[in-house]
Amino acid sequence: MLVRALESGMRIIAVEPSSNPFKDVTHHVDFTAVVPLQLEKILESKHEYGGRLNTMKAILVGGAAVSDLLQQKIQAITVPVYATYGMTETISHIALMRLNGDNATQYFTSLPGITVTEDTRGCLVINAPYLTDKIVTNDLVNIVDDNKFQWVGRWDNVINTGGIKVMPEKIESVIGKFFSHLGVLQNFFVDGISDERLGFKIILVIEGEKFSSVNEILKALHQTLPKYEVPKEIIFLPHFIYTDTGKINRKKTLKLT
């Protein structure tokens with residue numbers, strides 16, 4: 001953010017790390033970069049802070065995937081909102097995806113001069129002129145062309161169940177749509193746990209108290225997903241463990257089950 005401000009001549013407003021960074025800011029803000037958790041909190045407090053989003057010029061969202069429910073909420077924002085793709089090795093983000101408005105897309109577009117390919121696993125390979133070597137990631141993607149790609153999931157999250165490789169992010173996307181339709185706001189994730197017969201079995205882990213429509217969701221999943229992708233068990237936990245950037249820490253949270 002400091003480099004962006006120096007390049008564009010913007011003034012930096014520094015605040016303590018918070019789930020709602022606007023809480024104590026009284027100045028007008030033109031641009032911000034937030035993680036999905038922060039954007040959720042800002043939108044939840046729309047009467048006090050959320051309305052300020054539409055007075056800005058652009059908003060970046062990065063650090064974690066944007067859920068289907070948050071994606072729907074973002075449609076109420078009139079200024080451009082972009083998901084970012086990047087990592088420490090690329091110094092900053094190398095691609096953007098418009099999330100709202102008439103120009104919204106389903107794929108990331110790389111910044112000028114940066115091209116993308118995939119390796120034999122189907123994982124993203126980044127070629128940037130300012131980097132010495134190509135960067136091979138563990139992000140599974142669908143390549144549209146040299147400058148566009150669709151993020152599918154993480155190679156290291158793949159679950160081998162009964163000899164079939166399953167992408168939890170794909171299942172989560174389907175579940176997220178059902179949650180949104182039923183008005184379920186609880187966080188969740190899909191993972192695999194050891195099973196004598198399958199090696200690993202698919203489970204759905206939900207944060208918070210059990211709700212009445214869970215059986216309805218399971219029934220819908222059986223009608224929508226292949227049999228091997230339907231969670232074999234649903235586990236409710238009072239609270240998840242999160243990383244500093246608001247991502248669910250799957251490994252640590254699973255230890256609570």
# chains A, B, ... in the order shown; residues from 1 in each chain; ligands from 1
call {"tool": "residues_around", "arguments": {"residues": "A:Cys123", "least_positions_apart": "2", "cutoff": "12 Å", "atoms": "only C-alpha atoms", "output": "VMD selection string"}}
result
chain A and resid 116 to 121 125 to 126 135 to 143 149 to 156
call {"tool": "residues_around", "arguments": {"residues": "stretch 59-65 of chain A", "least_positions_apart": "4", "cutoff": "6 Å", "atoms": "only C-alpha atoms", "output": "ChimeraX atom specification"}}
result
/A:31-35,81-84,247
call {"tool": "write_last_selection", "arguments": {"atoms": "N, CA and C atoms", "output": "mmCIF file, in the first residue's frame"}}
result
data_model
loop_
_atom_site.group_PDB
_atom_site.id
_atom_site.type_symbol
_atom_site.label_atom_id
_atom_site.label_comp_id
_atom_site.auth_asym_id
_atom_site.auth_seq_id
_atom_site.Cartn_x
_atom_site.Cartn_y
_atom_site.Cartn_z
ATOM 1 N N PHE A 31 -9.458 4.909 -1.903
ATOM 2 C CA PHE A 31 -9.018 3.569 -2.307
ATOM 3 C C PHE A 31 -8.628 2.772 -1.074
ATOM 4 N N THR A 32 -8.958 1.482 -1.078
ATOM 5 C CA THR A 32 -8.546 0.610 0.019
ATOM 6 C C THR A 32 -8.322 -0.802 -0.496
ATOM 7 N N ALA A 33 -7.530 -1.567 0.225
ATOM 8 C CA ALA A 33 -7.334 -2.991 -0.051
ATOM 9 C C ALA A 33 -7.684 -3.743 1.232
ATOM 10 N N VAL A 34 -8.603 -4.689 1.136
ATOM 11 C CA VAL A 34 -9.084 -5.402 2.314
ATOM 12 C C VAL A 34 -9.122 -6.898 2.057
ATOM 13 N N VAL A 35 -9.205 -7.669 3.126
ATOM 14 C CA VAL A 35 -9.446 -9.109 2.995
ATOM 15 C C VAL A 35 -10.960 -9.312 3.042
ATOM 16 N N VAL A 81 -15.074 -3.155 -7.717
ATOM 17 C CA VAL A 81 -14.461 -4.031 -6.702
ATOM 18 C C VAL A 81 -13.715 -5.134 -7.447
ATOM 19 N N TYR A 82 -12.439 -5.304 -7.108
ATOM 20 C CA TYR A 82 -11.597 -6.287 -7.803
ATOM 21 C C TYR A 82 -11.041 -7.308 -6.821
ATOM 22 N N ALA A 83 -11.142 -8.592 -7.168
ATOM 23 C CA ALA A 83 -10.403 -9.630 -6.447
ATOM 24 C C ALA A 83 -8.983 -9.620 -6.985
ATOM 25 N N THR A 84 -8.026 -9.845 -6.123
ATOM 26 C CA THR A 84 -6.627 -9.834 -6.540
ATOM 27 C C THR A 84 -6.023 -11.228 -6.448
ATOM 28 N N LYS A 247 -8.465 -16.090 6.858
ATOM 29 C CA LYS A 247 -8.737 -17.379 6.223
ATOM 30 C C LYS A 247 -9.024 -18.417 7.299
#
call {"tool": "select_by_dssp", "arguments": {"residues": "stretch 4-233 of chain A", "states": "strand (DSSP E or B)", "output": "PyMOL selection string"}}
result
chain A and resi 31-34+58-61+81-86+93-98+108-110+115-118+123-127+135-145+148-154+159-161+164-166+188-195+199-207+233
call {"tool": "write_last_selection", "arguments": {"atoms": "C-alpha atoms", "output": "CSV table (one decimal), in the first residue's frame"}}
result
chain,number,residue,atom,x,y,z
A,31,PHE,CA,-9.0,3.6,-2.3
A,32,THR,CA,-8.5,0.6,0.0
A,33,ALA,CA,-7.3,-3.0,-0.1
A,34,VAL,CA,-9.1,-5.4,2.3
A,58,ALA,CA,-11.9,1.4,-6.3
A,59,ILE,CA,-11.7,-1.4,-3.8
A,60,LEU,CA,-9.3,-4.4,-3.8
A,61,VAL,CA,-10.2,-7.7,-2.1
A,81,VAL,CA,-14.5,-4.0,-6.7
A,82,TYR,CA,-11.6,-6.3,-7.8
A,83,ALA,CA,-10.4,-9.6,-6.4
A,84,THR,CA,-6.6,-9.8,-6.5
A,85,TYR,CA,-4.3,-12.7,-7.2
A,86,GLY,CA,-0.7,-12.6,-6.0
A,93,HIS,CA,-0.8,-9.0,-7.0
A,94,ILE,CA,-0.2,-10.0,-10.7
A,95,ALA,CA,-3.9,-10.3,-11.8
A,96,LEU,CA,-7.3,-8.8,-11.1
A,97,MET,CA,-10.9,-10.0,-11.5
A,98,ARG,CA,-13.8,-7.5,-11.5
A,108,PHE,CA,-8.5,-13.2,-13.6
A,109,THR,CA,-6.7,-10.9,-16.1
A,110,SER,CA,-3.0,-10.5,-15.6
A,115,THR,CA,1.7,-14.0,-18.9
A,116,VAL,CA,0.4,-17.3,-17.5
A,117,THR,CA,0.6,-21.0,-18.4
A,118,GLU,CA,0.1,-24.2,-16.5
A,123,CYS,CA,-1.3,-25.6,-11.7
A,124,LEU,CA,-0.6,-21.9,-12.6
A,125,VAL,CA,2.8,-20.9,-13.8
A,126,ILE,CA,3.6,-17.1,-13.8
A,127,ASN,CA,6.0,-15.4,-16.1
A,135,ILE,CA,7.0,-19.1,-10.5
A,136,VAL,CA,5.2,-22.4,-10.3
A,137,THR,CA,2.3,-22.3,-7.9
A,138,ASN,CA,0.1,-25.0,-6.3
A,139,ASP,CA,-3.1,-23.2,-7.5
A,140,LEU,CA,-5.1,-25.4,-9.9
A,141,VAL,CA,-6.5,-23.2,-12.8
A,142,ASN,CA,-8.3,-23.2,-16.1
A,143,ILE,CA,-6.3,-21.2,-18.6
A,144,VAL,CA,-8.4,-19.0,-20.9
A,145,ASP,CA,-5.4,-17.5,-22.8
A,148,LYS,CA,-6.5,-14.9,-18.4
A,149,PHE,CA,-7.2,-17.8,-16.0
A,150,GLN,CA,-9.9,-19.1,-13.7
A,151,TRP,CA,-8.9,-20.2,-10.2
A,152,VAL,CA,-10.2,-23.7,-9.4
A,153,GLY,CA,-8.6,-24.6,-6.1
A,154,ARG,CA,-5.4,-25.7,-4.3
A,159,ILE,CA,-8.9,-35.1,-1.3
A,160,ASN,CA,-8.3,-38.7,-2.6
A,161,THR,CA,-11.5,-40.5,-1.7
A,164,ILE,CA,-11.0,-40.4,-6.9
A,165,LYS,CA,-9.4,-37.0,-6.6
A,166,VAL,CA,-11.9,-34.4,-5.4
A,188,PHE,CA,-18.0,-23.7,6.5
A,189,PHE,CA,-15.5,-25.7,4.6
A,190,VAL,CA,-15.1,-29.1,3.0
A,191,ASP,CA,-12.3,-31.5,3.9
A,192,GLY,CA,-11.3,-35.1,4.2
A,193,ILE,CA,-10.7,-37.3,7.2
A,194,SER,CA,-9.3,-40.8,7.4
A,195,ASP,CA,-11.7,-43.6,6.6
A,199,GLY,CA,-8.9,-43.8,2.6
A,200,PHE,CA,-10.4,-40.4,3.1
A,201,LYS,CA,-14.1,-39.5,3.4
A,202,ILE,CA,-15.6,-36.1,2.5
A,203,ILE,CA,-16.9,-34.1,5.4
A,204,LEU,CA,-18.6,-30.7,5.7
A,205,VAL,CA,-17.6,-28.6,8.8
A,206,ILE,CA,-19.9,-25.8,9.8
A,207,GLU,CA,-19.2,-23.1,12.3
A,233,GLU,CA,-20.7,-36.5,7.5
call {"tool": "atom_distance", "arguments": {"atom1": "atom CA of A:Asp68", "atom2": "atom CA of A:Glu169"}}
result
11.6 Å
call {"tool": "closest_residue", "arguments": {"among": "A:Phe211, A:Pro238, A:Gly162, A:Pro129", "to": "A:Leu182", "atoms": "only C-alpha atoms"}}
result
A:Phe211
call {"tool": "select_by_dssp", "arguments": {"residues": "stretch 190-246 of chain A", "states": "alpha helix (DSSP H)", "output": "MDAnalysis selection string"}}
result
chainID A and resid 214:224
